[in-house]
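To be precise, the following lines are query00.pdb, and they hold PDB, C-alpha atoms.
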MODEL        1
ATOM      1  CA  TYR H 895       0.000   0.000   0.000
ATOM      2  CA  LYS H 896       1.374   3.418  -1.000
ATOM      3  CA  ARG H 897       0.207   6.602   0.685
ATOM      4  CA  GLN H 898      -1.269   9.183  -1.646
ATOM      5  CA  PRO H 899      -0.314  12.739  -0.594
ATOM      6  CA  GLN H 900      -3.412  14.329  -2.164
ATOM      7  CA  LYS H 901      -5.727  12.311   0.063
ATOM      8  CA  ARG H 902      -6.406  12.485   3.776
ATOM      9  CA  HIS H 903      -5.344   9.374   5.666
ATOM     10  CA  VAL H 904      -6.623   8.324   9.084
ATOM     11  CA  SER H 905      -5.553   5.848  11.720
ATOM     12  CA  ARG H 906      -7.374   2.563  12.160
ATOM     13  CA  TYR H 907      -8.785   3.577  15.527
ATOM     14  CA  SER H 908     -11.905   5.631  16.020
ATOM     15  CA  SER H 909     -11.608   8.850  18.008
ATOM     16  CA  THR H 910     -14.128   9.915  20.617
ATOM     17  CA  ALA H 911     -15.772  13.150  21.687
ATOM     18  CA  THR H 912     -13.583  15.285  23.927
ATOM     19  CA  ARG H 913     -14.530  16.258  27.463
ATOM     20  CA  LEU H 914     -14.743  19.860  26.226
ATOM     21  CA  SER H 915     -17.359  18.801  23.649
ATOM     22  CA  GLN H 916     -19.367  17.044  26.344
ATOM     23  CA  ARG H 917     -19.337  20.161  28.535
ATOM     24  CA  LEU H 918     -20.212  22.316  25.538
ATOM     25  CA  LEU H 919     -23.216  20.115  24.752
ATOM     26  CA  GLY H 920     -24.402  20.449  28.355
ATOM     27  CA  SER H 921     -24.007  24.245  28.251
ATOM     28  CA  LEU H 922     -25.927  24.499  24.981
ATOM     29  CA  ALA H 923     -28.706  22.321  26.414
ATOM     30  CA  VAL H 924     -29.112  24.692  29.358
ATOM     31  CA  GLU H 925     -28.911  27.853  27.227
ATOM     32  CA  HIS H 926     -31.523  26.646  24.726
ATOM     33  CA  ARG H 927     -33.584  24.619  27.227
ATOM     34  CA  PHE H 928     -33.046  21.407  25.271
ATOM     35  CA  ASP H 929     -33.727  17.875  26.382
ATOM     36  CA  VAL H 930     -30.689  15.592  26.620
ATOM     37  CA  GLU H 931     -30.744  11.898  25.706
ATOM     38  CA  GLN H 932     -28.285   9.071  25.250
ATOM     39  CA  TRP H 933     -28.712   6.946  22.126
ATOM     40  CA  ASP H 934     -27.165   3.514  21.838
ATOM     41  CA  ILE H 935     -27.157   2.158  18.275
ATOM     42  CA  GLY H 936     -27.783  -1.543  18.842
ATOM     43  CA  ASN H 937     -25.977  -4.098  16.658
ATOM     44  CA  ALA H 938     -24.210  -1.263  14.884
ATOM     45  CA  PHE H 939     -21.894  -3.526  12.927
ATOM     46  CA  LEU H 940     -24.531  -6.154  12.129
ATOM     47  CA  ASN H 941     -26.618  -3.389  10.548
ATOM     48  CA  GLY H 942     -23.561  -1.889   8.912
ATOM     49  CA  PHE H 943     -22.641  -1.194   5.330
ATOM     50  CA  SER H 944     -20.938  -3.182   2.605
ATOM     51  CA  PHE H 945     -17.292  -2.500   1.801
ATOM     52  CA  LYS H 946     -18.377  -0.973  -1.507
ATOM     53  CA  VAL H 947     -20.600   1.552   0.264
ATOM     54  CA  MET H 948     -17.812   2.197   2.766
ATOM     55  CA  ARG H 949     -15.449   3.066  -0.087
ATOM     56  CA  GLU H 950     -17.973   5.589  -1.401
ATOM     57  CA  MET H 951     -18.356   7.147   2.045
ATOM     58  CA  CYS H 952     -14.595   7.416   2.505
ATOM     59  CA  GLY H 953     -14.266   8.962  -0.939
ATOM     60  CA  HIS H 954     -16.861  11.602  -0.045
ATOM     61  CA  PHE H 955     -14.523  12.907   2.677
ATOM     62  CA  GLY H 956     -11.323  12.345   0.667
ATOM     63  CA  ILE H 957     -10.203   9.649   3.095
ATOM     64  CA  ALA H 958      -8.109   6.710   1.942
ATOM     65  CA  VAL H 959      -8.684   3.601   4.050
ATOM     66  CA  PRO H 960      -6.762   0.797   2.304
ATOM     67  CA  ASP H 961      -8.411  -2.098   4.103
ATOM     68  CA  VAL H 962     -11.833  -1.083   2.807
ATOM     69  CA  GLU H 963     -10.796  -2.200  -0.682
ATOM     70  CA  ARG H 964     -10.595  -5.914  -0.024
ATOM     71  CA  GLN H 965     -12.247  -9.284  -0.015
ATOM     72  CA  VAL H 966     -12.440 -11.125   3.294
ATOM     73  CA  PHE H 967     -13.244 -14.825   3.608
ATOM     74  CA  ILE H 968     -13.772 -16.611   6.909
ATOM     75  CA  THR H 969     -13.958 -20.233   7.996
ATOM     76  CA  VAL H 970     -16.821 -20.964  10.375
ATOM     77  CA  PRO H 971     -17.713 -23.751  12.850
ATOM     78  CA  GLY H 972     -19.839 -26.632  11.597
ATOM     79  CA  ASN H 973     -22.935 -25.560  13.521
ATOM     80  CA  VAL H 974     -23.084 -22.385  11.403
ATOM     81  CA  TRP H 975     -23.792 -24.490   8.319
ATOM     82  CA  TYR H 976     -26.541 -26.276  10.264
ATOM     83  CA  HIS H 977     -28.278 -22.968  11.047
ATOM     84  CA  LEU H 978     -27.823 -21.788   7.452
ATOM     85  CA  HIS H 979     -29.449 -25.019   6.266
ATOM     86  CA  GLU H 980     -32.469 -24.259   8.483
ATOM     87  CA  GLU H 981     -32.711 -20.860   6.750
ATOM     88  CA  GLY H 982     -32.861 -22.534   3.335
ATOM     89  CA  PHE H 983     -29.171 -22.387   2.346
ATOM     90  CA  HIS H 984     -27.965 -25.720   0.906
ATOM     91  CA  LEU H 985     -24.462 -26.852  -0.012
ATOM     92  CA  ASP H 986     -23.659 -28.996  -3.040
ATOM     93  CA  THR H 987     -21.635 -31.296  -0.796
ATOM     94  CA  PRO H 988     -23.221 -30.934   2.659
ATOM     95  CA  TYR H 989     -20.905 -33.470   4.307
ATOM     96  CA  ARG H 990     -17.737 -31.621   3.275
ATOM     97  CA  THR H 991     -18.258 -28.217   4.863
ATOM     98  CA  GLY H 992     -14.502 -27.810   5.282
ATOM     99  CA  LEU H 993     -14.291 -27.037   1.569
ATOM    100  CA  TYR H 994     -16.393 -23.887   1.969
ATOM    101  CA  VAL H 995     -15.822 -20.422   3.413
ATOM    102  CA  LEU H 996     -18.088 -17.399   3.813
ATOM    103  CA  GLU H 997     -17.355 -14.044   2.239
ATOM    104  CA  LEU H 998     -17.558 -11.113   4.625
ATOM    105  CA  LEU H 999     -19.655  -8.373   3.036
ATOM    106  CA  LYS H1000     -19.731  -5.838   5.870
ATOM    107  CA  ALA H1001     -17.347  -4.461   8.457
ATOM    108  CA  MET H1002     -17.730  -6.168  11.833
ATOM    109  CA  TYR H1003     -16.244  -6.355  15.301
ATOM    110  CA  GLY H1004     -12.918  -8.150  15.300
ATOM    111  CA  LEU H1005     -11.457  -6.372  12.270
ATOM    112  CA  VAL H1006      -8.697  -3.963  13.266
ATOM    113  CA  ASP H1007     -10.135  -1.012  11.340
ATOM    114  CA  ALA H1008     -13.828  -1.668  12.028
ATOM    115  CA  PRO H1009     -14.215   1.214  14.557
ATOM    116  CA  ILE H1010     -12.809   3.865  12.219
ATOM    117  CA  ILE H1011     -14.872   2.568   9.292
ATOM    118  CA  TRP H1012     -17.997   2.743  11.440
ATOM    119  CA  SER H1013     -17.029   6.260  12.550
ATOM    120  CA  ILE H1014     -16.734   7.392   8.923
ATOM    121  CA  ALA H1015     -20.117   5.822   8.091
ATOM    122  CA  LEU H1016     -21.801   7.607  10.987
ATOM    123  CA  ARG H1017     -20.126  10.895  10.047
ATOM    124  CA  HIS H1018     -21.395  10.455   6.483
ATOM    125  CA  PHE H1019     -24.932   9.966   7.804
ATOM    126  CA  MET H1020     -24.705  13.035  10.054
ATOM    127  CA  VAL H1021     -23.452  15.292   7.263
ATOM    128  CA  CYS H1022     -25.169  13.948   4.126
ATOM    129  CA  ASP H1023     -28.455  12.583   5.493
ATOM    130  CA  MET H1024     -29.052  14.712   8.588
ATOM    131  CA  HIS H1025     -27.355  17.838   7.170
ATOM    132  CA  GLY H1026     -25.435  18.466  10.379
ATOM    133  CA  LYS H1027     -22.339  20.645  10.652
ATOM    134  CA  PRO H1028     -19.157  18.918  11.906
ATOM    135  CA  SER H1029     -17.097  20.811  14.446
ATOM    136  CA  ARG H1030     -13.688  22.042  13.287
ATOM    137  CA  TYR H1031     -12.000  21.136  16.559
ATOM    138  CA  ASP H1032     -13.700  17.785  17.289
ATOM    139  CA  ASP H1033     -14.581  15.185  14.628
ATOM    140  CA  ASN H1034     -17.204  13.727  16.962
ATOM    141  CA  PHE H1035     -19.233  16.872  17.647
ATOM    142  CA  PHE H1036     -22.061  17.858  15.261
ATOM    143  CA  TYR H1037     -24.494  20.751  15.448
ATOM    144  CA  TRP H1038     -27.510  22.055  13.551
ATOM    145  CA  PRO H1039     -27.531  25.878  13.304
ATOM    146  CA  SER H1040     -30.681  27.838  12.532
ATOM    147  CA  THR H1041     -32.099  31.372  12.507
ATOM    148  CA  ASP H1042     -34.789  32.537  14.926
ATOM    149  CA  ASP H1043     -37.774  34.844  14.231
ATOM    150  CA  ARG H1044     -35.630  37.941  14.777
ATOM    151  CA  GLY H1045     -33.036  36.820  12.238
ATOM    152  CA  MET H1046     -30.540  35.960  14.967
ATOM    153  CA  GLN H1047     -28.355  32.889  14.809
ATOM    154  CA  SER H1048     -29.702  30.032  16.884
ATOM    155  CA  LEU H1049     -29.340  26.273  17.332
ATOM    156  CA  ASP H1050     -31.626  23.306  16.674
ATOM    157  CA  ALA H1051     -29.540  20.443  18.083
ATOM    158  CA  ALA H1052     -26.088  19.162  19.029
ATOM    159  CA  ILE H1053     -24.653  15.625  19.178
ATOM    160  CA  THR H1054     -21.468  14.081  20.556
ATOM    161  CA  ILE H1055     -20.382  10.597  19.443
ATOM    162  CA  HIS H1056     -18.393   7.773  21.022
ATOM    163  CA  VAL H1057     -18.354   4.905  18.472
ATOM    164  CA  ASP H1058     -22.023   3.799  18.656
ATOM    165  CA  ASP H1059     -23.020   5.780  21.769
ATOM    166  CA  LEU H1060     -24.457   9.254  21.150
ATOM    167  CA  VAL H1061     -25.431  12.074  23.495
ATOM    168  CA  VAL H1062     -28.095  14.197  21.801
ATOM    169  CA  SER H1063     -29.281  17.633  22.900
ATOM    170  CA  ALA H1064     -32.385  19.070  21.181
ATOM    171  CA  PRO H1065     -36.114  19.808  21.629
ATOM    172  CA  LYS H1066     -38.357  16.750  21.989
ATOM    173  CA  GLN H1067     -39.833  17.081  18.496
ATOM    174  CA  TRP H1068     -36.386  17.212  16.899
ATOM    175  CA  LEU H1069     -35.304  14.161  18.894
ATOM    176  CA  SER H1070     -38.308  12.155  17.691
ATOM    177  CA  ARG H1071     -37.807  13.136  14.049
ATOM    178  CA  ALA H1072     -34.091  12.375  14.164
ATOM    179  CA  CYS H1073     -34.651   8.987  15.790
ATOM    180  CA  SER H1074     -37.162   8.060  13.079
ATOM    181  CA  ARG H1075     -34.419   8.703  10.515
ATOM    182  CA  PHE H1076     -31.844   6.669  12.440
ATOM    183  CA  LEU H1077     -34.022   3.565  12.700
ATOM    184  CA  PRO H1078     -34.260   2.687   8.950
ATOM    185  CA  LYS H1079     -30.512   3.212   8.576
ATOM    186  CA  PHE H1080     -29.163   1.462  11.666
ATOM    187  CA  GLY H1081     -31.947  -0.890  12.755
ATOM    188  CA  LYS H1082     -32.173  -0.282  16.487
ATOM    189  CA  VAL H1083     -31.680   2.785  18.668
ATOM    190  CA  LYS H1084     -32.044   2.600  22.442
ATOM    191  CA  ARG H1085     -32.982   5.983  23.913
ATOM    192  CA  GLN H1086     -32.331   6.951  27.527
ATOM    193  CA  THR H1087     -33.292  10.212  29.208
ATOM    194  CA  LEU H1088     -31.549  11.954  32.105
ATOM    195  CA  PRO H1089     -29.961  10.789  34.319
ATOM    196  CA  PHE H1090     -27.564   8.482  32.449
ATOM    197  CA  THR H1091     -23.874   7.642  32.153
ATOM    198  CA  SER H1092     -22.006   7.955  28.854
ATOM    199  CA  VAL H1093     -18.303   7.182  28.357
ATOM    200  CA  GLY H1094     -17.683   7.331  32.103
ATOM    201  CA  MET H1095     -19.432  10.707  32.434
ATOM    202  CA  GLU H1096     -22.601  10.995  34.525
ATOM    203  CA  TYR H1097     -25.241  13.371  33.157
ATOM    204  CA  SER H1098     -28.051  14.639  35.402
ATOM    205  CA  ARG H1099     -30.461  17.580  35.609
ATOM    206  CA  LEU H1100     -30.145  20.035  38.501
ATOM    207  CA  LEU H1101     -33.173  21.511  40.273
ATOM    208  CA  GLY H1102     -32.515  24.946  38.771
ATOM    209  CA  GLY H1103     -32.497  23.546  35.234
ATOM    210  CA  GLY H1104     -28.757  23.154  34.848
ATOM    211  CA  ILE H1105     -26.917  20.059  33.615
ATOM    212  CA  LEU H1106     -24.433  18.356  35.927
ATOM    213  CA  LEU H1107     -21.561  16.371  34.423
ATOM    214  CA  ALA H1108     -19.614  14.339  36.960
ATOM    215  CA  GLN H1109     -17.208  11.421  37.186
ATOM    216  CA  VAL H1110     -17.610  10.656  40.876
ATOM    217  CA  LYS H1111     -18.295   6.927  40.433
ATOM    218  CA  TYR H1112     -15.448   6.640  37.943
ATOM    219  CA  ALA H1113     -13.037   8.388  40.344
ATOM    220  CA  GLU H1114     -14.181   6.280  43.319
ATOM    221  CA  ALA H1115     -13.408   3.121  41.347
ATOM    222  CA  LEU H1116      -9.763   4.124  40.896
ATOM    223  CA  LYS H1117      -7.355   2.305  43.189
ATOM    224  CA  PRO H1118      -3.723   3.134  44.028
ATOM    225  CA  ILE H1119      -1.157   0.624  42.815
ATOM    226  CA  PRO H1120       2.252   0.333  44.494
ATOM    227  CA  VAL H1121       5.159   1.070  42.168
ATOM    228  CA  LYS H1122       8.504  -0.605  42.664
ATOM    229  CA  ASP H1123      11.628   1.521  42.725
ATOM    230  CA  GLY H1124      12.822   0.115  39.411
ATOM    231  CA  ASP H1125       9.545   1.000  37.703
ATOM    232  CA  ALA H1126       9.286   4.609  38.943
ATOM    233  CA  GLU H1127      11.068   6.156  35.946
ATOM    234  CA  ARG H1128       8.932   4.244  33.429
ATOM    235  CA  CYS H1129       5.737   5.514  35.052
ATOM    236  CA  GLN H1130       6.659   9.187  34.701
TER
ENDMDL
END
Kindly transcribe the structure held in the file into structure tokens.
Amino acid sequence: YKRQPQKRHVSRYSSTATRLSQRLLGSLAVEHRFDVEQWDIGNAFLNGFSFKVMREMCGHFGIAVPDVERQVFITVPGNVWYHLHEEGFHLDTPYRTGLYVLELLKAMYGLVDAPIIWSIALRHFMVCDMHGKPSRYDDNFFYWPSTDDRGMQSLDAAITIHVDDLVVSAPKQWLSRACSRFLPKFGKVKRQTLPFTSVGMEYSRLLGGGILLAQVKYAEALKPIPVKDGDAERCQ
């Protein structure tokens, strides 16, 4: 594989929303009196996209991901062929399943670049289908600007992303419309209202209407570990 200087290349690991983005989303929710929900896209990779579609999505952003252009074949346990037979799939030589493999058509957990491919697919959906604006300082923060009745700049919604976990801040009607667009594309979306925990951050609503972001439980779970004298320099 040869890097092409005219194209943008990315690592194989998906990034995640920064703590600053999470605080910004909470501040915007308070300022605009938005509801805040956590969305978990269930079976994200099982309801994913073919490698061909992934290539098109990467090309839209000028991103070269070499492992998208490939054919992947996997050997499977014998009981898989049994279940496929029950679904109506029949082999020419059913007693010699070792001669057959399955072609992988979609990205899935277990592939080294699956998280970044999924991240690109979700970004494509946010920008091209939902018409959201990506943040310039955080690839995992999206917002939907608007103009109010006085012609002043306003905001319709904001979303932070961690792989397949989203924190969404918007009015209830916007949330319902957006979820109805997610379902046909990704299959299953589990919605949770405040309070909830996302990426180790606890979100809750204060009595005065504010949003509290805390990591108390996360901090309490941390335990000190003794460091030997010989390991002190390596830990710095």
Would you please work out which residue, of H:Leu1100, H:Gly956, H:Phe943, H:Gly920, is nearest to Ala1008 (chain H) when using only C-alpha atoms?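 That would be H:Phe943, the residue with the smallest distance to Ala1008 (chain H).
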Would you write out, as a ChimeraX atom specification, every residue that the PyMOL selection byres ((chain H and resi 1038) around 10) captures in this file? /H:1024-1028,1036-1037,1039-1040,1048-1053,1064
Could you tell me which residues the PyMOL selection byres ((chain H and resi 969-985) around 8) returns for this structure, as a VMD selection string? chain H and resid 967 to 968 986 to 988 991 994 to 996
Give the padded box for region 1089-1096 of chain H as AutoDock Vina command-line options: axis-aligned, covering all atoms listed in the file, 6 Å on each side, centre and edge lengths in Å to one decimal.
--center_x -23.8 --center_y 9.1 --center_z 31.4 --size_x 24.3 --size_y 15.8 --size_z 18.2
Taking the file as shown, what set of residues would the PyMOL selection byres ((chain H and resi 1075-1081) around 12) give back, as JSON, numbers by chain? {"H": [933, 934, 935, 936, 937, 938, 939, 940, 941, 942, 943, 1012, 1015, 1016, 1018, 1019, 1020, 1023, 1024, 1058, 1060, 1068, 1069, 1070, 1071, 1072, 1073, 1074, 1082, 1083, 1084, 1085]}
Calculate how many Å separate CA of Ser1029 (chain H) from CA of Ala911 (chain H), rounding to one decimal. 10.6 Å
Expressed in Å to a single decimal, how great is the separation between CA of Gly1103 (chain H) and CA of Pro1065 (chain H)?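 Going from CA of Gly1103 (chain H) over to CA of Pro1065 (chain H) covers 14.6 Å.
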Taking the partial coordinates given, rebuild region 984-995 of chain H to contain all heavy atoms; return it as a short mmCIF file (atom, residue, chain, number, x, y, z; two decimals), in the coordinates of the input.
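That gives us result05.cif:
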data_model
loop_
_atom_site.label_atom_id
_atom_site.label_comp_id
_atom_site.auth_asym_id
_atom_site.auth_seq_id
_atom_site.Cartn_x
_atom_site.Cartn_y
_atom_site.Cartn_z
N HIS H 984 -28.40 -24.34 1.08
CA HIS H 984 -27.96 -25.72 0.91
C HIS H 984 -26.64 -25.78 0.15
O HIS H 984 -26.42 -25.06 -0.83
CB HIS H 984 -29.02 -26.53 0.14
CG HIS H 984 -30.38 -26.51 0.78
ND1 HIS H 984 -30.68 -27.21 1.92
CD2 HIS H 984 -31.51 -25.82 0.44
CE1 HIS H 984 -31.94 -26.99 2.26
NE2 HIS H 984 -32.47 -26.14 1.38
N LEU H 985 -25.76 -26.64 0.63
CA LEU H 985 -24.46 -26.85 -0.01
C LEU H 985 -24.56 -27.99 -1.02
O LEU H 985 -25.35 -28.92 -0.86
CB LEU H 985 -23.40 -27.19 1.04
CG LEU H 985 -23.08 -26.10 2.08
CD1 LEU H 985 -22.12 -26.64 3.12
CD2 LEU H 985 -22.49 -24.87 1.40
N ASP H 986 -23.70 -27.91 -2.05
CA ASP H 986 -23.66 -29.00 -3.04
C ASP H 986 -23.13 -30.28 -2.41
O ASP H 986 -23.58 -31.38 -2.74
CB ASP H 986 -22.78 -28.59 -4.23
CG ASP H 986 -23.38 -27.42 -5.01
OD1 ASP H 986 -24.61 -27.27 -4.96
OD2 ASP H 986 -22.60 -26.68 -5.63
N THR H 987 -22.19 -30.13 -1.50
CA THR H 987 -21.64 -31.30 -0.80
C THR H 987 -21.77 -31.04 0.71
O THR H 987 -20.84 -30.58 1.37
CB THR H 987 -20.15 -31.50 -1.17
OG1 THR H 987 -19.44 -30.26 -0.95
CG2 THR H 987 -20.01 -31.92 -2.61
N PRO H 988 -22.94 -31.30 1.27
CA PRO H 988 -23.22 -30.93 2.66
C PRO H 988 -22.33 -31.61 3.69
O PRO H 988 -22.22 -31.13 4.81
CB PRO H 988 -24.69 -31.34 2.83
CG PRO H 988 -24.93 -32.37 1.78
CD PRO H 988 -24.08 -31.98 0.63
N TYR H 989 -21.72 -32.75 3.33
CA TYR H 989 -20.90 -33.47 4.31
C TYR H 989 -19.43 -33.08 4.24
O TYR H 989 -18.59 -33.66 4.90
CB TYR H 989 -21.05 -34.98 4.09
CG TYR H 989 -22.49 -35.45 4.25
CD1 TYR H 989 -23.26 -35.77 3.14
CD2 TYR H 989 -23.07 -35.52 5.52
CE1 TYR H 989 -24.58 -36.17 3.29
CE2 TYR H 989 -24.39 -35.93 5.67
CZ TYR H 989 -25.14 -36.25 4.55
OH TYR H 989 -26.45 -36.64 4.70
N ARG H 990 -19.12 -32.07 3.41
CA ARG H 990 -17.74 -31.62 3.28
C ARG H 990 -17.70 -30.10 3.45
O ARG H 990 -17.25 -29.36 2.60
CB ARG H 990 -17.17 -32.04 1.93
CG ARG H 990 -17.24 -33.54 1.68
CD ARG H 990 -16.58 -33.92 0.37
NE ARG H 990 -15.15 -33.68 0.40
CZ ARG H 990 -14.34 -33.87 -0.66
NH1 ARG H 990 -14.86 -34.28 -1.82
NH2 ARG H 990 -13.05 -33.62 -0.58
N THR H 991 -18.18 -29.66 4.61
CA THR H 991 -18.26 -28.22 4.86
C THR H 991 -16.88 -27.58 4.94
O THR H 991 -16.75 -26.36 4.77
CB THR H 991 -19.01 -27.95 6.18
OG1 THR H 991 -18.37 -28.67 7.25
CG2 THR H 991 -20.46 -28.40 6.06
N GLY H 992 -15.85 -28.37 5.20
CA GLY H 992 -14.50 -27.81 5.28
C GLY H 992 -14.01 -27.24 3.97
O GLY H 992 -13.01 -26.52 3.94
N LEU H 993 -14.69 -27.56 2.88
CA LEU H 993 -14.29 -27.04 1.57
C LEU H 993 -14.85 -25.64 1.32
O LEU H 993 -14.51 -25.02 0.31
CB LEU H 993 -14.79 -27.97 0.46
CG LEU H 993 -14.25 -29.41 0.47
CD1 LEU H 993 -14.91 -30.23 -0.63
CD2 LEU H 993 -12.73 -29.40 0.30
N TYR H 994 -15.70 -25.14 2.22
CA TYR H 994 -16.39 -23.89 1.97
C TYR H 994 -15.98 -22.81 2.98
O TYR H 994 -15.62 -23.12 4.13
CB TYR H 994 -17.91 -24.08 2.06
CG TYR H 994 -18.47 -25.01 1.00
CD1 TYR H 994 -18.54 -26.39 1.23
CD2 TYR H 994 -18.93 -24.52 -0.22
CE1 TYR H 994 -19.05 -27.25 0.27
CE2 TYR H 994 -19.44 -25.38 -1.18
CZ TYR H 994 -19.50 -26.73 -0.93
OH TYR H 994 -20.00 -27.58 -1.88
N VAL H 995 -16.03 -21.59 2.54
CA VAL H 995 -15.82 -20.42 3.41
C VAL H 995 -16.96 -19.44 3.14
O VAL H 995 -17.69 -19.57 2.16
CB VAL H 995 -14.47 -19.74 3.16
CG1 VAL H 995 -13.32 -20.66 3.53
CG2 VAL H 995 -14.35 -19.29 1.70
#
